[in-house]
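Quick notes on the structure that follows.
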Amino acid sequence: MQNDQDRRAELRPYIEILSFWGESIEDYLFLLDVREEKFYFSSCIWEKYPLPFMDIYFGMEDWISIIDVRDRDKVARSLEEVKSGKIDQVSMEYRMIDRKGVSVWVNCVGKCLSYEDGKASIIVGSISENVVSKKIDQLTGLQNQTVLEKVFQDIFQKGETGCFLMLGIDDFKNVNDKYGRKFGDEQLKKLAEIIDKNLDYDSQLYRLDGDKFGINLVGYSKENAKAFYNRIQTEFSIQTYSTVSAGAITYPIEAGNYHNLYQYAEDALNQSKQQGKNKLSFFSIDDYKGHLFFIDLKEEILESIKNNFEGFYIYYQPVVNNADGMLVKSEALMRWRSKQYGEISPVVFIPILEQTGMILEAGKWILENAMKQCREWREFLPNFRMNINLSYIQLKDKKLMEIVFDALKKADLPGSAIILEVTESIQLQDYSYFNLLFYQLSKKGIQISIDDFGTGYSSLGYLKELRVDEIKIDRCFVKSIQEGGYNAHLVKNMIELAHSVNIRVCVEGVETFEERTTLQKLFPDVIQGYYFGKPETPDNFYEKFVLIAKEGKPIVDDGERKIVSEHNNLLKKNSQNYQNLLDELNEVIYVCDAETYELYYVNKIGKKLTGVYDYTGKKCYEVFQKGKKGKKVCEHCEANGLQQGTFHTKIEKAKDVEFVVKEKLILWDEKPARLEVITDNSSEKW
Ligand code: C2E
Ligand code: CA
Ligand code: CA
């Protein structure tokens with residue numbers, strides 16, 4: 001084994017060359033004696049960095065001691081790899097702490113000069129501060145995007161895994177504007193400091209544009225990245241009262257390149273900001289494609305509108321009377337066809353119109369055109385009306401009334417011909433604003449309908465507060481509705497509630513004969529849905545519905561469907577015509593079981609007077625003597641003495657009104673039942 005002096009003598013020629021070159025350049029040149037674990041330097045590196053003595057050679061430990069603790073692990077590991085023969089050259093960036101305690105980024109490159117036993121024994125190279133300065137952010141002292149890009153090129157090449165997090169301070173622009181740039185800078189530094197403190201040795205923080213930071217979390221899973229973000233989020237808000245949002249993407253990624261990774265993370269960050277900030281979103285390729293699609297559509301719609309609404313058109317869906325299936329009105333539904341993607345659903349393009357404000361123009365367009373159409377069909381059906389949807393943006397537009405009134409004038413239509421649909425939502429709670437607006441519209445006869453009733457804002461109480469004329473019960477309550485089932489009860493309650501405050505009810509999305517039959521018995525006023533007709537072009541609507549209505553016929557002949565329906569027997573018992581007839585009478589008519597008093601039938605006026613529309617399972621005295629529970633039979637009930645064939649007649653008095661009550665025993669579904677007919681004796685009408 002050579003002694004120290006011999007080894008130095010052996011290395012002297014190299015060291016002399018090193019010193020010679022070292023004098024003419026700013027970089028520190030070094031020779032690393034791998035075998036002896038010693039560094040030799042070309043110039044006085046100890047002048048700038050706090051090495052333990054003033055010399056040109058140092059032990060490995062001395063060397064490591066001037067490296068920033070955050071990067072020590074990385075450097076030590078690299079030295080180990082050289083020693084073990086795993087690598088024979090180095091190229092890395094790390095921070096050294098100078099005599100002033102400032103962390104300085106350096107670029108260190110070295111190559112093997114000679115080998116022993118196949119391992120590098122001497123490495124020569126340079127440590128440069130200048131190369132790195134272009135890659136360092138002056139404010140935070142962090143590496144910038146240039147470095148990040150290179151790091152990810154390596155990562156993708158090696159197929160490593162981890163998570164890239166992009167962080168941004170929420171409302172940073174406001175912070176800068178309000179408190180000044182200096183304050184903003186302090187916030188950025190604070191955030192950098194907090195992140196840095198939470199980083200492990202493998203991971204690295206980078207300063208990106210503006211208020212954004214990039215963090216490469218090597219080997220992190222989604223869950224770990226989330227936990228990391230949560231720590232930063234909490235510490236930052238405690239220390240600065242500001243919040244941070246983040247977007248993250250785990251790598252490797254498909255078609256992995258830095259450009260995509262950066263854009264994806266930025267997209268996820270934007271998503272967090274859009275969703276209310278102070279949160280982390282992970283990138284999803286589906287969301288991203290949706291985002292690109294959104295941008296495409298937005299541009300095309302704008303173009304369409306500029307080109308005189310090219311691609312926009314209107315479909316009309318019939319709305320019929322519940323009792324007889326006759327056409328009463330239609331809903332105007334906006335359509336748009338994209339040149340690139342074909343027909344686009346309004347659930348996709350309406351939100352785009354709303355977000356961009358273009359809904360104001362499109363809304364005006366549909367108001368004018370739907371009214372013109374209504375005017376045309378009123379030539380054949382004088383009472384025909386049109387429902388037109390309004391967006392919140394339109395409702396808040398000061399010019400709305402002017403636009404609506406102008407459109408009526410242009411179409412030469414009375415206000416009573418149109419019903420404006422407003423979606424149920426929490427915003428409707430601004431009663432004073434909306435009631436004033438609705439009142440002003442109502443002065444011209446225009447009616448208001450609450451769309452998608454039951455889906456938005458859960459308290460039904462506002463029905464009493466708002467001046468509206470109609471509610472449209474959403475399809476979700478109608479789907480597979482069954483007699484006596486949960487939804488049937490719910491719909492029945494909604495209908496009763498609306499009726500109790502004189503609001504008309506439309507049930508939407510009726511698709512099947514079974515849904516139609518169940519609903520019919522819940523007595524909404526009007527119904528809409530594919531069962532009666534899908535939204536159609538104006539020409540088709542005219543042929544399929546207007547012409548039939550003109551002939552005084554219902555647009556779907558329930559009678560025809562009866563024959564094909566599986567529900568034959570149910571309908572035999574409850575013939576529609578028979579019910580309609582009884583509903584026309586001014587007498588209250590009801591049938592109940594002779595023994596159990598369970599109500600089998602109550603006609604329309606009976607329901608109206610008692611306010612009980614669904615009497616299923618109820619006893620006659622519960623309905624007619626309202627709420628008198630525990631009481632068995634009415635005192636005056638003479639059901640026991642009734643006979644089949646002859647009416648038993650008596651006079652009864654309630655609140656000074658005289659009634660003629662006629663009763664008899666009949667067979668109802670082969671069971672003995674009591675038929676009761678009550679007439680108001682004091683006047684012709686109830
Ligand atoms: P909406 O106002 O609730 O319109 C009813 C939607 O239900 C229409 O969808 C209609 O085609 C559909 N529909 C009708 N009957 C049935 C049925 O029996 N079954 C099923 N499954 N669906 C049925 P569409 O035309 O796709 O419109 C969707 C939404 O777009 C509308 O919902 C409305 O919120 C919005 N929209 C459409 N046109 C306009 C407009 O001119 N202005 C505004 N602001 N929104 C509009
Ligand atoms: Ca609607
Ligand atoms: Ca609706």
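In the structure tokens, each chain is lettered A, B, ... as it comes, each chain's residues begin at 1, and ligands are numbered from 1 in order of appearance.
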
| said: Show me, as JSON, numbers by chain, the residues that have an atom within 6 Å of Ile97 of chain A when counting only C-alpha atoms, minus same-chain residues fewer than 3 positions from it. | reply: {"A": [66, 67, 68, 101, 102, 103]}

For chain A versus ligand 3, which residues have an atom no more than 10 Å away, and what is each residue's nearest atom pair and distance in Å rounded to one decimal, using only C-alpha atoms and all ligand atoms, chain-then-number order, as CSV?
residue,atom,partner,partner_atom_place_in_ligand_line,distance
A:Glu331,CA,ligand 3,1 (Ca),9.9
A:Asn389,CA,ligand 3,1 (Ca),9.2
A:Glu421,CA,ligand 3,1 (Ca),8.6
A:Val422,CA,ligand 3,1 (Ca),9.3
A:Thr423,CA,ligand 3,1 (Ca),7.6
A:Glu424,CA,ligand 3,1 (Ca),9.3
A:Ile450,CA,ligand 3,1 (Ca),8.5
A:Asp451,CA,ligand 3,1 (Ca),4.8
A:Asp452,CA,ligand 3,1 (Ca),4.1
A:Phe453,CA,ligand 3,1 (Ca),7.5
A:Thr455,CA,ligand 3,1 (Ca),9.5
A:Ile471,CA,ligand 3,1 (Ca),9.5
A:Lys472,CA,ligand 3,1 (Ca),6.4
A:Ile473,CA,ligand 3,1 (Ca),7.3
A:Asp474,CA,ligand 3,1 (Ca),5.6
A:Arg475,CA,ligand 3,1 (Ca),7.4
A:Cys476,CA,ligand 3,1 (Ca),9.9
A:Cys506,CA,ligand 3,1 (Ca),9.7
A:Val507,CA,ligand 3,1 (Ca),9.0
A:Glu508,CA,ligand 3,1 (Ca),6.6
A:Gly509,CA,ligand 3,1 (Ca),8.2
A:Gln528,CA,ligand 3,1 (Ca),9.7

| 12 Å contact set for Met494 of chain A, only C-alpha atoms, chain neighbours under 3 positions out, as a PyMOL selection string | chain A and resi 453-454+458-461+463+470-474+477+487-491+497-501+503-507+522-524+613

| said: Taking 6 positions as the minimum chain separation for residues in the same chain, which residues sit within 10 Å of Glu186 of chain A when counting only C-alpha atoms? Answer as a PyMOL selection string. | reply: chain A and resi 139-140+192+240

| query | Can you tell me, as a VMD selection string, what residues are no more than 10 Å from Lys364 of chain A when counting only C-alpha atoms, ignoring any on the same chain fewer than 2 positions away? | reply | chain A and resid 359 to 362 366 to 370 390 394 400 403 to 404 406 to 407

What would the file look like if the residues just selected were written as a PDB file, in the first residue's frame with N, CA and C atoms?
ATOM      1  N   ILE A 359     -75.409  33.432 -23.509  1.00  0.00           N
ATOM      2  CA  ILE A 359     -76.801  33.032 -23.287  1.00  0.00           C
ATOM      3  C   ILE A 359     -77.744  34.224 -23.444  1.00  0.00           C
ATOM      4  N   LEU A 360     -77.226  35.432 -23.208  1.00  0.00           N
ATOM      5  CA  LEU A 360     -78.089  36.603 -23.343  1.00  0.00           C
ATOM      6  C   LEU A 360     -78.573  36.751 -24.782  1.00  0.00           C
ATOM      7  N   GLU A 361     -77.632  36.588 -25.708  1.00  0.00           N
ATOM      8  CA  GLU A 361     -78.013  36.701 -27.121  1.00  0.00           C
ATOM      9  C   GLU A 361     -78.840  35.515 -27.558  1.00  0.00           C
ATOM     10  N   ALA A 362     -78.392  34.318 -27.150  1.00  0.00           N
ATOM     11  CA  ALA A 362     -79.104  33.104 -27.559  1.00  0.00           C
ATOM     12  C   ALA A 362     -80.502  33.077 -26.943  1.00  0.00           C
ATOM     13  N   ILE A 366     -84.074  32.768 -28.905  1.00  0.00           N
ATOM     14  CA  ILE A 366     -85.109  31.727 -28.750  1.00  0.00           C
ATOM     15  C   ILE A 366     -86.439  32.361 -28.344  1.00  0.00           C
ATOM     16  N   LEU A 367     -86.396  33.419 -27.535  1.00  0.00           N
ATOM     17  CA  LEU A 367     -87.641  34.095 -27.155  1.00  0.00           C
ATOM     18  C   LEU A 367     -88.370  34.588 -28.417  1.00  0.00           C
ATOM     19  N   GLU A 368     -87.632  35.255 -29.279  1.00  0.00           N
ATOM     20  CA  GLU A 368     -88.259  35.814 -30.478  1.00  0.00           C
ATOM     21  C   GLU A 368     -88.791  34.732 -31.402  1.00  0.00           C
ATOM     22  N   ASN A 369     -87.966  33.702 -31.601  1.00  0.00           N
ATOM     23  CA  ASN A 369     -88.372  32.680 -32.568  1.00  0.00           C
ATOM     24  C   ASN A 369     -89.480  31.772 -32.044  1.00  0.00           C
ATOM     25  N   ALA A 370     -89.411  31.427 -30.751  1.00  0.00           N
ATOM     26  CA  ALA A 370     -90.454  30.560 -30.183  1.00  0.00           C
ATOM     27  C   ALA A 370     -91.787  31.311 -30.161  1.00  0.00           C
ATOM     28  N   LEU A 390     -85.716  30.091 -19.362  1.00  0.00           N
ATOM     29  CA  LEU A 390     -84.853  31.244 -19.104  1.00  0.00           C
ATOM     30  C   LEU A 390     -83.705  30.804 -18.207  1.00  0.00           C
ATOM     31  N   GLN A 394     -80.100  35.425 -17.685  1.00  0.00           N
ATOM     32  CA  GLN A 394     -81.142  36.273 -18.292  1.00  0.00           C
ATOM     33  C   GLN A 394     -81.998  36.933 -17.224  1.00  0.00           C
ATOM     34  N   LEU A 400     -84.091  42.256 -19.425  1.00  0.00           N
ATOM     35  CA  LEU A 400     -84.946  41.099 -19.713  1.00  0.00           C
ATOM     36  C   LEU A 400     -86.370  41.486 -20.096  1.00  0.00           C
ATOM     37  N   ILE A 403     -86.698  42.971 -23.439  1.00  0.00           N
ATOM     38  CA  ILE A 403     -86.504  41.968 -24.494  1.00  0.00           C
ATOM     39  C   ILE A 403     -87.774  41.131 -24.679  1.00  0.00           C
ATOM     40  N   VAL A 404     -88.356  40.705 -23.540  1.00  0.00           N
ATOM     41  CA  VAL A 404     -89.556  39.864 -23.608  1.00  0.00           C
ATOM     42  C   VAL A 404     -90.714  40.647 -24.237  1.00  0.00           C
ATOM     43  N   ASP A 406     -90.607  43.287 -26.168  1.00  0.00           N
ATOM     44  CA  ASP A 406     -90.333  43.547 -27.587  1.00  0.00           C
ATOM     45  C   ASP A 406     -90.649  42.327 -28.435  1.00  0.00           C
ATOM     46  N   ALA A 407     -90.220  41.157 -27.909  1.00  0.00           N
ATOM     47  CA  ALA A 407     -90.437  39.921 -28.670  1.00  0.00           C
ATOM     48  C   ALA A 407     -91.935  39.658 -28.831  1.00  0.00           C
TER      49      ALA A 407
END

| request: Please give the complete set of residues from segment 460-571 of chain A that DSSP, run on the backbone, assigns to alpha helix (DSSP H), formatted as number ranges by chain. | output: A: 462-465, 486-500, 513-520, 538-541, 547-550, 558-564, 568-571

| query | Residues at most 12 Å from Val347 of chain A, counting only C-alpha atoms, excluding those fewer than 4 positions away in the same chain, as a ChimeraX atom specification? | reply | /A:333-336,343,351-354

| Within 10 Å of Leu667 of chain A using only C-alpha atoms, minus same-chain residues under 6 positions, as a ChimeraX atom specification | /A:591,593-594,644,673-675

Please write the residues from the selection above to a file, keeping N, CA, C and O atoms, as a PDB file, in the first residue's frame.
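Saved as selection_4.pdb:
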ATOM      1  N   VAL A 591    -117.652   5.975  -2.823  1.00  0.00           N
ATOM      2  CA  VAL A 591    -117.990   4.575  -2.548  1.00  0.00           C
ATOM      3  C   VAL A 591    -117.036   4.084  -1.473  1.00  0.00           C
ATOM      4  O   VAL A 591    -115.829   4.333  -1.553  1.00  0.00           O
ATOM      5  N   ASP A 593    -116.288   0.631   1.455  1.00  0.00           N
ATOM      6  CA  ASP A 593    -116.637  -0.734   1.846  1.00  0.00           C
ATOM      7  C   ASP A 593    -117.726  -0.677   2.930  1.00  0.00           C
ATOM      8  O   ASP A 593    -117.641   0.125   3.862  1.00  0.00           O
ATOM      9  N   ALA A 594    -118.756  -1.532   2.780  1.00  0.00           N
ATOM     10  CA  ALA A 594    -119.891  -1.479   3.698  1.00  0.00           C
ATOM     11  C   ALA A 594    -119.501  -1.862   5.127  1.00  0.00           C
ATOM     12  O   ALA A 594    -120.093  -1.383   6.096  1.00  0.00           O
ATOM     13  N   GLN A 644    -129.716  -2.848  -1.082  1.00  0.00           N
ATOM     14  CA  GLN A 644    -129.388  -2.733  -2.501  1.00  0.00           C
ATOM     15  C   GLN A 644    -130.633  -2.273  -3.257  1.00  0.00           C
ATOM     16  O   GLN A 644    -131.754  -2.571  -2.843  1.00  0.00           O
ATOM     17  N   ALA A 673    -120.716  -2.585  -0.834  1.00  0.00           N
ATOM     18  CA  ALA A 673    -120.145  -1.254  -0.617  1.00  0.00           C
ATOM     19  C   ALA A 673    -121.262  -0.224  -0.525  1.00  0.00           C
ATOM     20  O   ALA A 673    -122.388  -0.474  -0.952  1.00  0.00           O
ATOM     21  N   ARG A 674    -120.940   0.899   0.068  1.00  0.00           N
ATOM     22  CA  ARG A 674    -121.929   1.956   0.218  1.00  0.00           C
ATOM     23  C   ARG A 674    -121.652   3.054  -0.809  1.00  0.00           C
ATOM     24  O   ARG A 674    -120.538   3.586  -0.882  1.00  0.00           O
ATOM     25  N   LEU A 675    -122.657   3.361  -1.600  1.00  0.00           N
ATOM     26  CA  LEU A 675    -122.552   4.467  -2.549  1.00  0.00           C
ATOM     27  C   LEU A 675    -123.236   5.665  -1.919  1.00  0.00           C
ATOM     28  O   LEU A 675    -124.354   5.557  -1.418  1.00  0.00           O
TER      29      LEU A 675
END

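Remark: for Arg375 of chain A, the closest of the candidate residues A:Lys329, A:Lys150, A:Lys399, A:Lys135 is A:Lys329 (distances computed over only C-alpha atoms).
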
| remark: Expressed in Å, the length from atom CA of Val319 of chain A to atom CA of Val526 of chain A is 6.6 Å

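All residues of segment 286-380 of chain A that DSSP, run on the backbone, classes as strand (DSSP E) are Phe312, Tyr313, Ile314, Tyr315, Tyr316, Gln317, Pro318, Val319, Val320, Asn321, Leu327, Val328, Lys329, Ser330, Glu331, Ala332, Leu333, Met334, Arg335, Trp336, Arg337, Ser338, Gly342, Glu343 and Ile344 of chain A.
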